[in-house]
Structure formats: C-alpha cells, structure tokens
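Trainee: Following this message is one structure expressed as structure tokens.
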Amino acid sequence: MPRSITLKQIEGKPGQVYYPLKLNEVSKPVPGPGELLVRIQAAALNHRDFFVRQHLYPGISFTSPLLCDGCGTVVETGPECSPTATSLLNKRVILIPCLGWDADPNGPEDMAKYAIIGASNRYMHGAAQDYIVVRESEVERCPDHLSPVEGAALPLVGLTGWRALVTKSGNAQAGRNILVTGIGGGVALQVLQLGVAMGCNMYVTSGDQDKINRAGRLGAKGGVNYLTEGWEKQLEQMLPPHRPYLDTVIDGAGGDIVARTIRILKPGGVICSYGMTVAPKTDWSMQAVLKHIDLKGCTTGSRTELKAVLQFVTEKKIRPVISRTVKGLGNLEAIDGLFEDMKHGKQFGKLVIEVDSALDNAAI
C-alpha cells in the first residue's frame, strides 16, 4: 500500500510539544481532470517542518502529509490535461512548495489563498508520501542535471534565496559585497551559490570553522565565527580596499545583526531577513535610520521567481548542497535523525528522504 507521513497530535503547549511522526497506509490517488499523478522519489526537510512539529507555525494540519519539497516522476495524467502537462508524462518534476502567489513582486496577491504546503490546513498537499495528485499548474520540470535528491532539495530554499538576494536586496550584481549569516542552512547555502555564480563577493558567518572552510571551497571570499567577540571587525578587514563596505546582509538569524553590521554597511545598504533562528526579533536603531539602511523581510516567493531561479540554476548547472540523506519513507527513526541534525545545527546543506522504490514493482 502507498504510504504518507503525517504528525500525530498530542497534548502540549506551543514550543514545548514535539509532535511524533506517524506513518499511514493510504489509497493510491487517481488524477482527475487537469491533474497529474506524481510518484515521489525524494522529499526534503526545511526549518519550517521543525517549527511545525513544535506547533510554532500557524495553520497546522494533522491529516495532510508533511514536507513541502518533493521531486518525482509523473506516472499518469488525468483527462483534459493540456498538451504541456501531457508532455510531462514519465518526466521528473518538482512540486511547487507554496501555492497562491503568482507574480506580484510585493507579496501574495491574496494572503487568504497563500500557504506553504505540507501539514497545512489550507492545502492538503505534502511531499512526504509515495504518490501525490496535483493540478498541472502545481509542478515545474526538474532541471535535467539534478538528481531526484537534488531536485527535492532546491525548491523552497532556492525560491527564498532568490527572492532575498535578487528581488529584495537589489545588490545581486558582480563585484558587490554580500554577507550571508549562518552558513550551513539550506537558504544560506543557496544564496552563497547564487551570489558566487553572479560574480558577487560572498562572505559568511558561522559558529563552526569547518562550515566556514567548506563555504570557502564553494566560492566564499571569507568568513568569520560569530561566536568571536568583535567578529564584524574581522570581517571588515577582509573586504576589498576598493570597496571596503558591505552592500547587503542576507540574514536568517535575527538577534543583534543590525548592531553588528551597521558600521560596515554602506549608506543605503540593505539587511534582508528571511528568518530569526537566534531570536524572534531584531533590534532597530536610530543609527540605522540616519544611515538610510533598509530592513526588508522575505519569505518564499512567487511562481514567477521560482521559474527565474530554476532557469538560472539550469544555465549555471548549480547543484544544491546535500548534507545527508536517509532511505525509506517508512524509516521513521532515521527521519527523526534528520530532524535531530536540524535541531542541533549539524547540517551543512539539505536533509533529504530518499523515498524507497519498493512500490515501483508492487501490485497496488
């Protein structure tokens, strides 16, 4: 029987509860008009999933499958599909990780219809299952140079990273100095890879010197340990003499990032925040106002931006960094281990489930 992974509801307060994973046997879905049946080959975790398990995310569902990032093969098309959708039969596709946002650069056209899929009470989709039925508009062709694991690793972090660096920062240009905090996470690494491919001078922070060294091998110009007092002064010494300032900071930590970087940001520089893993707020100062610094929030992005990052990744042959994979949708203990990696910040890259192929030749 096909399977899905959902969350098991237990008692507990938000931030204190940790919902267990639940493996379910489900019926094989049948595609309706304008729909595709996708056999999932790989599904990737995001920090959102860790927050969902702690009930620190709104709109949680205990009946829809977990995870928003998935890659698989179209194995059946429903009636009334367009020729474009029909051409996807037996082709590899990635799931659109968030629905309800088409093209508006400012934000979703209708917030009431926007949501990231996976354990969401707004959309019943989720990547943690053997098969999924989606509308033909809810997938994109996976870049040919990517494996299923890499395809699953790309969508949400690629989309968020593109929006942060390209759409929001306005500094995705060759020669600009970009700081990416907390290197090792999926979005941070994607921003690093995109920036390097664009010719930007990329700098990173981490609490782990090995992660800084690995970022250097991916093209970072330099990096500093944020556990070191005065790390921003060390970073300043690394900047090129002809451009001794930061143009933008792409930040997923929050906390004191404004105070730390205000002195080395250029007038009119941008701090783009896509998350706050250190603290749920960032202090804003009058000094930042006087220096005309822009603080911009950013989460996910539009379908138009997803198409743009997929095209860029295809052109530059960028491969998402994979930290670790586990095999088997039914291997809940190993999947819990991926969540533990995330909890303790062990990962350098994406954490991915390789959905086993046991069903491929089974009679179902």
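We label chains A, B, ... in the order they appear in the structure tokens, count residues from 1 in each chain, and number ligands from 1 in the order shown.
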Please provide as a list in words all residues within 8 Å of stretch 87-97 of chain A, with the sequence filter that same-chain residues fewer than 5 positions apart are discarded (counting only C-alpha atoms).

Mentor: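 Once the nearby chain positions are removed, what remains is Cys68, Asp69, Gly70, Cys71, Gly72, Thr73, Val74, Val75, Glu76, Thr77, Ile116, Ile117, Ala127, Glu138, Val139, Glu140, Arg141, Cys142, Pro148, Gly151, Ala152, Pro155, Leu156 and Arg303 of chain A.
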
Trainee: Which residues of stretch 62-136 of chain A come within 10 Å of stretch 321-329 of chain A, and for each one, what is the closest pair of atoms and their distance in Å to one decimal, counting only C-alpha atoms, sorted by chain and residue number, as a Markdown table?

Mentor:
| residue | atom | partner | partner_atom | distance |
| --- | --- | --- | --- | --- |
| A:Ala128 | CA | A:Leu329 | CA | 7.4 |
| A:Gln129 | CA | A:Leu329 | CA | 7.3 |
| A:Asp130 | CA | A:Leu329 | CA | 7.8 |

Trainee: Could you go through stretch 158-305 of chain A and tell me which residues DSSP, when run on the backbone, assigns to alpha helix (DSSP H), listing them as an MDAnalysis selection string?

Mentor: chainID A and resid 158:162 186:198 209:217 231:238 257:261 286:290 303:305

Trainee: Would you put the residues from that selection into a file with C-alpha atoms, as a tab-separated table (two decimals), in the first residue's frame?

Mentor:
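Result file part14.tsv:
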chain	number	residue	atom	x	y	z
A	158	GLY	CA	16.13	28.26	-3.94
A	159	LEU	CA	12.98	30.35	-4.10
A	160	THR	CA	13.63	32.07	-0.76
A	161	GLY	CA	17.28	32.65	-1.57
A	162	TRP	CA	16.47	34.13	-4.98
A	186	GLY	CA	19.75	25.47	3.06
A	187	VAL	CA	18.77	29.06	2.26
A	188	ALA	CA	22.16	30.46	3.27
A	189	LEU	CA	23.99	27.97	1.07
A	190	GLN	CA	21.67	28.64	-1.84
A	191	VAL	CA	22.28	32.38	-1.52
A	192	LEU	CA	26.01	31.67	-1.47
A	193	GLN	CA	25.84	29.56	-4.61
A	194	LEU	CA	23.64	32.07	-6.45
A	195	GLY	CA	25.85	35.00	-5.45
A	196	VAL	CA	29.06	33.27	-6.49
A	197	ALA	CA	27.52	32.43	-9.87
A	198	MET	CA	26.56	36.09	-10.29
A	209	GLN	CA	35.07	26.92	11.49
A	210	ASP	CA	34.67	23.78	9.40
A	211	LYS	CA	31.49	25.21	7.86
A	212	ILE	CA	33.34	28.44	7.07
A	213	ASN	CA	36.11	26.43	5.39
A	214	ARG	CA	33.58	24.45	3.36
A	215	ALA	CA	31.89	27.69	2.28
A	216	GLY	CA	35.27	28.88	1.06
A	217	ARG	CA	35.51	25.81	-1.15
A	231	TRP	CA	33.63	39.40	14.52
A	232	GLU	CA	32.36	42.32	12.46
A	233	LYS	CA	35.79	43.99	12.78
A	234	GLN	CA	37.44	40.84	11.46
A	235	LEU	CA	35.02	40.85	8.55
A	236	GLU	CA	35.80	44.48	7.77
A	237	GLN	CA	39.47	43.57	7.34
A	238	MET	CA	38.53	41.01	4.69
A	257	ILE	CA	22.58	41.59	13.36
A	258	VAL	CA	21.73	45.28	12.88
A	259	ALA	CA	24.06	46.42	15.64
A	260	ARG	CA	26.81	44.12	14.40
A	261	THR	CA	26.80	45.21	10.77
A	286	MET	CA	18.34	55.35	15.09
A	287	GLN	CA	21.85	54.91	13.75
A	288	ALA	CA	20.43	52.64	11.05
A	289	VAL	CA	17.79	55.26	10.24
A	290	LEU	CA	20.40	58.01	9.92
A	303	ARG	CA	5.76	31.36	-9.09
A	304	THR	CA	7.48	33.85	-11.40
A	305	GLU	CA	10.51	33.96	-9.09

Trainee: Between A:Asn225, A:Ser137, A:Asn24, A:Asn177, which residue has the minimum interatomic distance to A:Ile264, considering only C-alpha atoms?

Mentor: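 Nearest to A:Ile264: A:Asn177.
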
Trainee: Mind checking which residues fall within 10 Å of A:Gly100, counting only C-alpha atoms, ignoring those fewer than 4 positions away in the same chain, and posting them as a list in words?

Mentor: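 With the cut-off at 10 Å, the set is Pro108, Glu109, Asp110, Met111, Ala112, Lys113, Tyr114, Ala115, Ile116, Ser302 and Arg303 of chain A.
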
Trainee: Those residues you just picked out, can you put them in a file as a CSV table (one decimal), in the first residue's frame with C-alpha atoms?

Mentor:
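In the end it all went to result_3.csv:
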chain,number,residue,atom,x,y,z
A,108,PRO,CA,1.0,37.2,-2.5
A,109,GLU,CA,-1.9,38.5,-4.5
A,110,ASP,CA,-4.4,37.2,-1.9
A,111,MET,CA,-3.0,36.3,1.5
A,112,ALA,CA,-6.1,34.3,2.3
A,113,LYS,CA,-5.1,31.8,-0.5
A,114,TYR,CA,-1.4,31.7,0.1
A,115,ALA,CA,0.3,28.9,2.1
A,116,ILE,CA,3.3,26.7,2.1
A,302,SER,CA,6.2,33.9,-6.3
A,303,ARG,CA,5.8,31.4,-9.1

Trainee: Which residues come within 9 Å of A:Arg243, counting only C-alpha atoms, excluding same-chain residues fewer than 4 positions away, as a ChimeraX atom specification?

Mentor: /A:175-177,239

Trainee: Taking only stretch 135-321 of chain A into account, list the residues labelled strand (DSSP E) by DSSP (computed from the backbone), as a PyMOL selection string.

Mentor: chain A and resi 135+139-141+177-180+201-206+222-225+246-251+265-273+294-297

Trainee: Quick one, how far is atom CA of A:Ser120 from atom CA of A:Ser4?

Mentor: 14.4 Å

Trainee: So, with only C-alpha atoms as the atoms that count, which of A:Leu165, A:Leu332, A:Ala220, A:Ala44 lies closest to A:Ala153?

Mentor: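 Under the stated criterion, the closest residue is A:Ala44.
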
Trainee: Which residue, A:Ile293, A:Val134, A:Met342, A:Ile10, has the smallest gap to A:Gly185 when you use only C-alpha atoms?

Mentor: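 Of A:Ile293, A:Val134, A:Met342, A:Ile10, the one nearest A:Gly185 is A:Met342, counting only C-alpha atoms.
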